[in-house]
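Here the structure is laid out as structure tokens; the discussion comes afterwards.
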Amino acid sequence: MSSYTVSRRGLLAGAGAVGAAAALSGCATATAPAGSTQQGGAVTLQSDLSSPLAEQAMQSLVAAYSKQSKYTVKLNTVAATTYQPLLPTYLTSANPPDIYTWYAGNDADHYSSQGLLLDVSSAWKTMDNYQPALKTLSTDAAGKQIFVPTDYYWWGVFYRKSQFAKWGLGEPKTWSDFVNACATIKAKGAIPIGLGAGTGTAWVAAAWFDYLNIRLNGADFHRDLLQGKHSFTDPKVVDVFTTWKQVLPYFDPNGTAVSWQEASNQLLNGKCGMLLTGTFFADAVPKGSIDDLDFFKFPVIDPSVPDAEEAPTDGLFASSKTHNAAAVLDFMTWMATPTAQNLWTATSSGTVIPANPQATAPSSALVQKGKSMLAEAAQLTQFFNRDSTDALQNTANTALIDFIQNPGKLSSILTTWQSQAEQVWKTA
Amino acid sequence: MTAALRAAVRPRRPHRRGPSRPSPLIIGFVLIPLLVEAVSVFWPAIQGFYISLTHWNGVNPPTFAGLANYRQMAGDPVFRKALEDTALWLVLFGGLSAAGGLGAALFLQRERRGIAIYRAALFLPVVFSLTATALMWQTLYQPNGVLNGVLSAVGLGGWQHAWLANPSTALYAQIVPALWREIGYVMVLYLAGLKGIDPALYEAAKVDGASAWQQFRNVTLPQLRSVNAVVVSVIIIDSLRSFDVVWSLTQGGPYNSSQLLSTYMYQTAFVNTDFGYGCALAVAIFVLAFGVIVSYLVRAFKESD
């Protein structure tokens, strides 16, 4: 009896040892060289635009492209939440998908520094009319273009025109105007500032940090801070929070409990007066209510600091391991044309601005106003996570929600934030 | 026992050549599942352990780091918080679901008309996807949600909270939906156990004049010992992996106040793409789960010997 058991265990141990040896020598972490060359005119487009509206828009884009081209593109839509953690895996795999929807900025630059992204400078030869800021954004540290922007949107303090008229308010231009407007709205019995940083959407609080930092310390300091060149305990960062404290009493007391969807509902039904948000919230706004919506630029705090605005830019990059670079570049060049971008803005929600200035932006007053605000800005930033990493965004979520709930703990919050951030910069 | 019997029987069988060998069919039945298990379970597990000894962000090639990730864990306040929360979760969720499941099973064990409806009703939450469950509870817990509405309606307006956004209530608020589901599952396990108890034991106890409590204490509980081993293992595993409810409700927030080891591991590995440290956390979870279950089973078997 016992000898039988022992021999079976021996077998298992032996198999385990062999497995371990195999695992340690040739691991999942090893990057295999590019495999066989795949001939033919088809390339894969990996897309995280998984909402029904956006997926449909993407499908019609791909269909329109295939109709006029000798190449074909196969669309592969992946749920947005799955896409982000899988992106490094896609890019480092031996036979990766060819083209990816993603955003410009730090993340793309990071992948490019690992040699994972295709040089798309030749597509940029057809894109001379693009804003220089967009070209800078699409250029990696080595000076080559790795990204083709397709569209961008803006952030602003949104409000309802009818409510502001009822309260006798105009658009605040300066910080003191803004604080006064908050006091007026509060006196009228509404919540002055909605937030919506609850359940799963804590990241929206970072918009306040971004804007206060950009307005007080400028976009360059902001970007450097996010890259780890300054500390979160810097007195300039403390300034951001002392300024924030001036309006914190006007924030929705349930701001860290409700999601931004709920916060935008509060804005629409008049429970709250103002909401700092990106235009994506308009996707869920009923058609009738959108005409009553307007926004103003985040108020100027220090007039000596050049205006910068958040303009998160979406677009495409491609894997450097693609077997059909000609097809990839052809598709990306086409996506940069007014034709493709018109199709995109026409079929999607209608609050994004096409990246090509020759393309027709949605004609609504709201979009025109957003477009001119961005055109006047001295600099454009992306958003906290896009200018840094999703890992740093997590540390911000922790610190900012803690601050909003416990403003008195500021100095310990900043010390913790700095040590968490250092950990992130170390592993990046 | 059976192996000894087989060994005794085997030499008597006629063999054409050599000593007795198990048939190729048996070898196949052992080796093929072993191979599948090795490729799909052991190999990734060993790799996970190997990755925990490296710094790896999923893009650069991993660099060997020795025990650096484990040293980092020792000084990480978020890990300590997650460990405490997981222990609290284990005790509260584990204790209450075992007690609740046993209670429900005892209550519903006797066959009455319509009893199946009650059993099904209690088991129903197990069937729902926990993500859907979480969405429902999220609505209940909203600042203007049903729970706060009920509290103010019965004059307990002072007890109202932003349940999921308040760091002192967030963890407990999430144990409730997890329990809501687990109790039905544990109940089914105990119902099966109760059905397996020989009614003659109760009759004998009754003849000896045992009270209901004495019957429970001296007949039911000892007879359920084997089911208990299963229930405890299931509860420990479920509480160490109760990820879905927390991830859908608070993602470990606000500011890590409801962080569990499982959510912290997911966040580290798949959001922060710090796979080295994420795998080190996974190894810690494995050691904990394995340690707790093995120590329980060893004790349980010692008692039964």
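Each chain in the structure tokens gets a letter, A, B, ..., in the order shown, and its residues are numbered from 1; ligands are numbered from 1 in order too.
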
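Using only C-alpha atoms, the contacts of region 282-291 of chain B at a cut-off of 8 Å, with sequence neighbours closer than 2 positions omitted, comprise Gly48, Phe49, Ser52, Ile236, Ile237, Leu240, Leu261, Ser262, Met265, Gly278, Cys279, Ala280, Ile293, Val294 and Ser295 of chain B.
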
Take the residues that were just selected and, keeping N, CA and C atoms, output them as a JSON list (two decimals), in the first residue's frame.
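Saved file part-v9.json follows:
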```json
[["chain", "number", "residue", "atom", "x", "y", "z"],
["B", 48, "GLY", "N", 3.79, 32.19, -11.84],
["B", 48, "GLY", "CA", 3.36, 33.29, -10.98],
["B", 48, "GLY", "C", 4.35, 33.50, -9.85],
["B", 49, "PHE", "N", 4.81, 32.40, -9.29],
["B", 49, "PHE", "CA", 5.80, 32.49, -8.22],
["B", 49, "PHE", "C", 7.10, 33.09, -8.75],
["B", 52, "SER", "N", 6.80, 36.75, -9.23],
["B", 52, "SER", "CA", 6.82, 37.50, -7.97],
["B", 52, "SER", "C", 8.24, 37.81, -7.52],
["B", 236, "ILE", "N", -13.58, 29.84, 3.38],
["B", 236, "ILE", "CA", -12.27, 30.51, 3.37],
["B", 236, "ILE", "C", -11.87, 30.88, 1.95],
["B", 237, "ILE", "N", -12.06, 29.93, 1.04],
["B", 237, "ILE", "CA", -11.70, 30.23, -0.34],
["B", 237, "ILE", "C", -12.55, 31.38, -0.87],
["B", 240, "LEU", "N", -11.48, 34.74, 0.62],
["B", 240, "LEU", "CA", -10.21, 35.26, 0.10],
["B", 240, "LEU", "C", -10.34, 35.70, -1.35],
["B", 261, "LEU", "N", -7.17, 41.87, 0.08],
["B", 261, "LEU", "CA", -5.97, 41.38, -0.60],
["B", 261, "LEU", "C", -6.27, 41.11, -2.07],
["B", 262, "SER", "N", -7.48, 40.56, -2.34],
["B", 262, "SER", "CA", -7.80, 40.22, -3.72],
["B", 262, "SER", "C", -7.93, 41.47, -4.59],
["B", 265, "MET", "N", -4.50, 43.02, -5.08],
["B", 265, "MET", "CA", -3.71, 42.25, -6.03],
["B", 265, "MET", "C", -4.14, 42.59, -7.46],
["B", 278, "GLY", "N", 2.26, 42.38, -7.96],
["B", 278, "GLY", "CA", 0.95, 41.74, -8.00],
["B", 278, "GLY", "C", 1.05, 40.24, -7.76],
["B", 279, "CYS", "N", 2.04, 39.60, -8.38],
["B", 279, "CYS", "CA", 2.22, 38.16, -8.19],
["B", 279, "CYS", "C", 2.67, 37.85, -6.76],
["B", 280, "ALA", "N", 3.49, 38.75, -6.20],
["B", 280, "ALA", "CA", 3.90, 38.55, -4.81],
["B", 280, "ALA", "C", 2.67, 38.58, -3.90],
["B", 293, "ILE", "N", -6.53, 26.60, 5.46],
["B", 293, "ILE", "CA", -7.31, 25.40, 5.16],
["B", 293, "ILE", "C", -6.57, 24.16, 5.66],
["B", 294, "VAL", "N", -5.27, 24.08, 5.41],
["B", 294, "VAL", "CA", -4.53, 22.89, 5.82],
["B", 294, "VAL", "C", -4.56, 22.74, 7.34],
["B", 295, "SER", "N", -4.35, 23.87, 8.04],
["B", 295, "SER", "CA", -4.33, 23.74, 9.49],
["B", 295, "SER", "C", -5.71, 23.31, 10.00]]
```

Would you give me, as a short mmCIF file (atom, residue, chain, number, x, y, z; two decimals) with C-alpha atoms, in the first residue's frame, the residues of chain A that come within 6 Å of chain B, using only C-alpha atoms?
```
data_model
loop_
_atom_site.label_atom_id
_atom_site.label_comp_id
_atom_site.auth_asym_id
_atom_site.auth_seq_id
_atom_site.Cartn_x
_atom_site.Cartn_y
_atom_site.Cartn_z
CA MET A 1 0.00 0.00 0.00
CA PRO A 85 -4.82 45.70 -18.75
CA PRO A 88 0.82 45.49 -22.89
CA THR A 199 -18.49 54.31 -6.84
CA ALA A 257 -20.76 58.87 -2.94
CA ALA A 391 -1.12 53.57 -11.78
CA THR A 398 -6.86 57.78 -3.01
CA ASP A 402 -9.34 61.54 1.19
#
```

Quiz prompt | Exercise: region 149-151 of chain A partners within 6 Å, only C-alpha atoms, chain neighbours under 4 positions left out, as JSON, numbers by chain | solution = {"A": [313, 314, 315, 353, 354, 355]}

For the residues in the current selection, export N, CA and C atoms as a short mmCIF file (atom, residue, chain, number, x, y, z; two decimals), in the first residue's frame.
```cif
data_model
loop_
_atom_site.label_atom_id
_atom_site.label_comp_id
_atom_site.auth_asym_id
_atom_site.auth_seq_id
_atom_site.Cartn_x
_atom_site.Cartn_y
_atom_site.Cartn_z
N THR A 313 -7.00 63.54 -26.26
CA THR A 313 -6.98 63.23 -27.69
C THR A 313 -6.97 61.72 -27.89
N ASP A 314 -7.88 61.25 -28.74
CA ASP A 314 -7.96 59.83 -29.05
C ASP A 314 -7.46 59.60 -30.47
N GLY A 315 -7.04 58.38 -30.73
CA GLY A 315 -6.58 58.08 -32.08
C GLY A 315 -6.05 56.67 -32.18
N ILE A 353 -14.47 66.69 -31.30
CA ILE A 353 -13.99 67.56 -32.37
C ILE A 353 -13.02 66.74 -33.21
N PRO A 354 -13.25 66.68 -34.53
CA PRO A 354 -12.32 65.93 -35.36
C PRO A 354 -10.92 66.56 -35.33
N ALA A 355 -9.88 65.71 -35.38
CA ALA A 355 -8.52 66.22 -35.26
C ALA A 355 -8.10 66.99 -36.50
#
```

Self-check item: Non-local contacts of Ala141 (chain A) (12 Å; only C-alpha atoms; under 2 positions in same chain excluded) as a ChimeraX atom specification
Solution: /A:105-115,136-139,143-146

Requested write-out: C-alpha atoms of the selected residues, as a short mmCIF file (atom, residue, chain, number, x, y, z; two decimals), in the first residue's frame:
```cif
data_model
loop_
_atom_site.label_atom_id
_atom_site.label_comp_id
_atom_site.auth_asym_id
_atom_site.auth_seq_id
_atom_site.Cartn_x
_atom_site.Cartn_y
_atom_site.Cartn_z
CA GLY A 105 0.63 61.23 -24.69
CA ASN A 106 2.64 59.56 -22.01
CA ASP A 107 1.33 56.02 -22.49
CA ALA A 108 2.07 55.91 -26.21
CA ASP A 109 5.49 57.42 -25.58
CA HIS A 110 6.21 54.73 -22.99
CA TYR A 111 5.40 51.91 -25.41
CA SER A 112 7.42 53.62 -28.11
CA SER A 113 10.51 53.79 -25.89
CA GLN A 114 10.31 49.98 -25.74
CA GLY A 115 10.36 49.80 -29.53
CA THR A 136 3.96 67.35 -30.71
CA LEU A 137 1.57 65.14 -28.81
CA SER A 138 1.98 62.37 -31.40
CA THR A 139 5.78 62.53 -31.42
CA GLY A 143 11.38 62.57 -32.43
CA LYS A 144 9.33 60.27 -34.68
CA GLN A 145 5.55 60.23 -35.00
CA ILE A 146 3.94 57.15 -33.52
#
```

Self-check item: Who sits within 8 Å of Pro96 (chain A), only C-alpha atoms, same chain under 3 positions skipped, as a list in words
Solution: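 Those residues are Tyr90, Leu91, Thr92, Ser93, Ser319, Lys321 and Thr322 of chain A.
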
Taking N, CA and C atoms for each residue, export the selection above as a short mmCIF file (atom, residue, chain, number, x, y, z; two decimals), in the first residue's frame.
```cif
data_model
loop_
_atom_site.label_atom_id
_atom_site.label_comp_id
_atom_site.auth_asym_id
_atom_site.auth_seq_id
_atom_site.Cartn_x
_atom_site.Cartn_y
_atom_site.Cartn_z
N TYR A 90 -0.96 42.50 -25.61
CA TYR A 90 -1.10 42.53 -27.07
C TYR A 90 0.21 42.95 -27.71
N LEU A 91 0.73 44.09 -27.21
CA LEU A 91 1.87 44.70 -27.88
C LEU A 91 3.13 43.85 -27.80
N THR A 92 3.29 43.11 -26.70
CA THR A 92 4.53 42.34 -26.54
C THR A 92 4.40 40.93 -27.08
N SER A 93 3.21 40.52 -27.53
CA SER A 93 3.07 39.15 -28.01
C SER A 93 3.81 38.99 -29.34
N SER A 319 1.39 48.41 -34.04
CA SER A 319 2.50 47.61 -33.52
C SER A 319 3.68 47.63 -34.49
N LYS A 321 5.60 45.30 -34.83
CA LYS A 321 5.80 43.93 -35.33
C LYS A 321 4.80 43.57 -36.42
N THR A 322 4.05 44.54 -36.91
CA THR A 322 3.05 44.23 -37.93
C THR A 322 3.71 43.63 -39.18
#
```

Quiz item: Suppose you want the space between CA of Ala229 (chain B) and CA of Ile183 (chain B); what is it in Å?
Solution: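 Distance reported for this atom pair: 16.2 Å.
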
Self-check item: DSSP helix (DSSP H, G or I) residues within region 155-287 of chain B, as an NGL selection string
Solution: :B and (157-159 or 170-195 or 199-207 or 212-223 or 225-240 or 244-249 or 261-271 or 275-287)

Those residues you just picked out, can you put them in a file as a short mmCIF file (atom, residue, chain, number, x, y, z; two decimals), in the first residue's frame with C-alpha atoms?
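Just written: result-v2.cif:
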```cif
data_model
loop_
_atom_site.label_atom_id
_atom_site.label_comp_id
_atom_site.auth_asym_id
_atom_site.auth_seq_id
_atom_site.Cartn_x
_atom_site.Cartn_y
_atom_site.Cartn_z
CA GLY B 157 -32.68 59.60 9.97
CA GLY B 158 -29.61 60.09 12.16
CA TRP B 159 -28.33 56.67 11.09
CA ALA B 170 -17.83 50.81 3.31
CA LEU B 171 -16.39 47.42 4.23
CA TYR B 172 -19.37 46.31 6.34
CA ALA B 173 -21.81 47.55 3.73
CA GLN B 174 -20.15 45.20 1.26
CA ILE B 175 -20.10 42.16 3.53
CA VAL B 176 -23.92 42.20 3.49
CA PRO B 177 -24.38 41.48 -0.25
CA ALA B 178 -21.64 38.86 -0.06
CA LEU B 179 -23.44 37.19 2.85
CA TRP B 180 -26.77 37.50 1.08
CA ARG B 181 -25.35 35.21 -1.55
CA GLU B 182 -23.18 32.89 0.49
CA ILE B 183 -25.82 31.89 3.05
CA GLY B 184 -27.97 30.17 0.42
CA TYR B 185 -24.99 28.20 -0.81
CA VAL B 186 -23.87 27.12 2.66
CA MET B 187 -27.48 26.22 3.45
CA VAL B 188 -27.57 23.77 0.57
CA LEU B 189 -24.37 22.12 1.78
CA TYR B 190 -25.76 21.76 5.29
CA LEU B 191 -29.14 20.53 4.02
CA ALA B 192 -27.33 17.73 2.22
CA GLY B 193 -25.41 16.98 5.39
CA LEU B 194 -28.54 16.93 7.51
CA LYS B 195 -30.25 14.56 5.09
CA PRO B 199 -32.88 9.22 11.80
CA ALA B 200 -32.29 6.28 14.14
CA LEU B 201 -29.77 8.42 16.00
CA TYR B 202 -32.46 10.99 16.79
CA GLU B 203 -34.88 8.27 17.81
CA ALA B 204 -32.31 6.79 20.14
CA ALA B 205 -31.61 10.24 21.57
CA LYS B 206 -35.34 10.83 22.07
CA VAL B 207 -35.70 7.48 23.83
CA ALA B 212 -33.91 19.49 21.29
CA TRP B 213 -30.74 21.39 22.21
CA GLN B 214 -29.03 18.19 23.38
CA GLN B 215 -29.99 16.48 20.13
CA PHE B 216 -28.50 19.36 18.18
CA ARG B 217 -25.37 19.52 20.32
CA ASN B 218 -24.68 15.78 20.57
CA VAL B 219 -26.17 14.30 17.41
CA THR B 220 -26.46 16.94 14.69
CA LEU B 221 -23.16 18.79 15.16
CA PRO B 222 -20.91 15.71 15.44
CA GLN B 223 -22.64 14.15 12.44
CA ARG B 225 -18.28 17.19 10.95
CA SER B 226 -17.42 16.07 7.44
CA VAL B 227 -19.73 18.71 5.95
CA ASN B 228 -18.09 21.29 8.20
CA ALA B 229 -14.72 20.59 6.63
CA VAL B 230 -16.19 21.31 3.22
CA VAL B 231 -18.08 24.39 4.40
CA VAL B 232 -15.03 25.87 6.12
CA SER B 233 -12.86 25.31 3.05
CA VAL B 234 -15.50 26.83 0.76
CA ILE B 235 -15.98 29.82 3.04
CA ILE B 236 -12.27 30.51 3.37
CA ILE B 237 -11.70 30.23 -0.34
CA ASP B 238 -14.76 32.37 -1.09
CA SER B 239 -13.79 35.07 1.37
CA LEU B 240 -10.21 35.26 0.10
CA ASP B 244 -16.25 40.79 -7.49
CA VAL B 245 -18.53 42.47 -4.97
CA VAL B 246 -15.86 44.87 -3.69
CA TRP B 247 -14.46 45.62 -7.10
CA SER B 248 -17.88 46.48 -8.51
CA LEU B 249 -18.97 48.53 -5.50
CA LEU B 261 -5.97 41.38 -0.60
CA SER B 262 -7.80 40.22 -3.72
CA THR B 263 -8.75 43.72 -4.89
CA TYR B 264 -5.29 45.05 -4.06
CA MET B 265 -3.71 42.25 -6.03
CA TYR B 266 -5.94 42.94 -9.03
CA GLN B 267 -5.32 46.67 -8.84
CA THR B 268 -1.56 46.22 -8.57
CA ALA B 269 -1.25 43.67 -11.35
CA PHE B 270 -3.88 44.70 -13.86
CA VAL B 271 -4.48 48.42 -13.33
CA PHE B 275 3.03 42.32 -12.29
CA GLY B 276 5.97 41.49 -10.02
CA TYR B 277 4.39 42.96 -6.92
CA GLY B 278 0.95 41.74 -8.00
CA CYS B 279 2.22 38.16 -8.19
CA ALA B 280 3.90 38.55 -4.81
CA LEU B 281 0.49 39.54 -3.40
CA ALA B 282 -1.08 36.54 -5.13
CA VAL B 283 1.51 34.28 -3.52
CA ALA B 284 0.68 35.82 -0.14
CA ILE B 285 -3.03 35.09 -0.72
CA PHE B 286 -2.21 31.52 -1.74
CA VAL B 287 -0.05 30.93 1.35
#
```

Members of region 96-161 of chain A assigned strand (DSSP E) by DSSP, as a CSV table (one decimal) with C-alpha atoms, in the first residue's frame:
```csv
chain,number,residue,atom,x,y,z
A,99,ILE,CA,-3.6,48.7,-35.2
A,100,TYR,CA,-5.0,49.9,-31.8
A,101,THR,CA,-7.3,52.6,-30.7
A,102,TRP,CA,-5.7,54.4,-27.7
A,103,TYR,CA,-4.8,57.8,-26.5
A,148,VAL,CA,-2.5,59.4,-35.5
A,149,PRO,CA,-5.0,61.5,-33.7
A,150,THR,CA,-8.6,61.2,-34.9
A,151,ASP,CA,-10.6,63.4,-32.5
A,152,TYR,CA,-10.4,65.2,-29.2
A,155,TRP,CA,-13.4,69.8,-20.3
A,156,GLY,CA,-15.4,72.8,-19.0
A,157,VAL,CA,-17.6,73.9,-16.2
A,158,PHE,CA,-21.1,73.0,-17.5
A,159,TYR,CA,-24.3,74.6,-16.4
A,160,ARG,CA,-27.9,75.1,-17.5
```

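Distances here use only C-alpha atoms; by that measure, the residue among A:Ala311, A:Met332, A:Ala219, A:Leu267 closest to Gly370 (chain A) is A:Ala311.
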
Practice problem: Enter the distance from CA of Gln393 (chain A) to CA of Ala421 (chain A), in Å, rounded to one decimal. | Solution: 9.3 Å

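Distances here use only C-alpha atoms; by that measure, the residue among A:Pro312, A:Gly228, A:Pro407, A:Gly278 closest to Ser419 (chain A) is A:Gly228.
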
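Separating CA of Asn269 (chain A) from CA of Gly255 (chain A) is a distance of 16.0 Å.
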
Self-check item: Shell of 6 Å around Tyr250 (chain A), only C-alpha atoms, local chain residues under 2 positions omitted, as a PyMOL selection string
Solution: chain A and resi 192-193+247-248

Selected residues, C-alpha atoms, written as a JSON list (two decimals), in the first residue's frame, please.
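File produced: part_26.json:
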```json
[["chain", "number", "residue", "atom", "x", "y", "z"],
["A", 192, "PRO", "CA", -23.28, 74.88, -6.26],
["A", 193, "ILE", "CA", -20.76, 72.28, -7.51],
["A", 247, "VAL", "CA", -14.69, 76.19, -2.73],
["A", 248, "LEU", "CA", -14.83, 72.82, -0.99]]
```

Exercise. Find the residues around region 82-85 of chain B up to 6 Å (only C-alpha atoms counted), leave out those fewer than 3 positions away in its own chain, and share them as a list in words.
Key: Phe79, Leu88, Trp89, Gln259, Leu260 and Leu261 of chain B
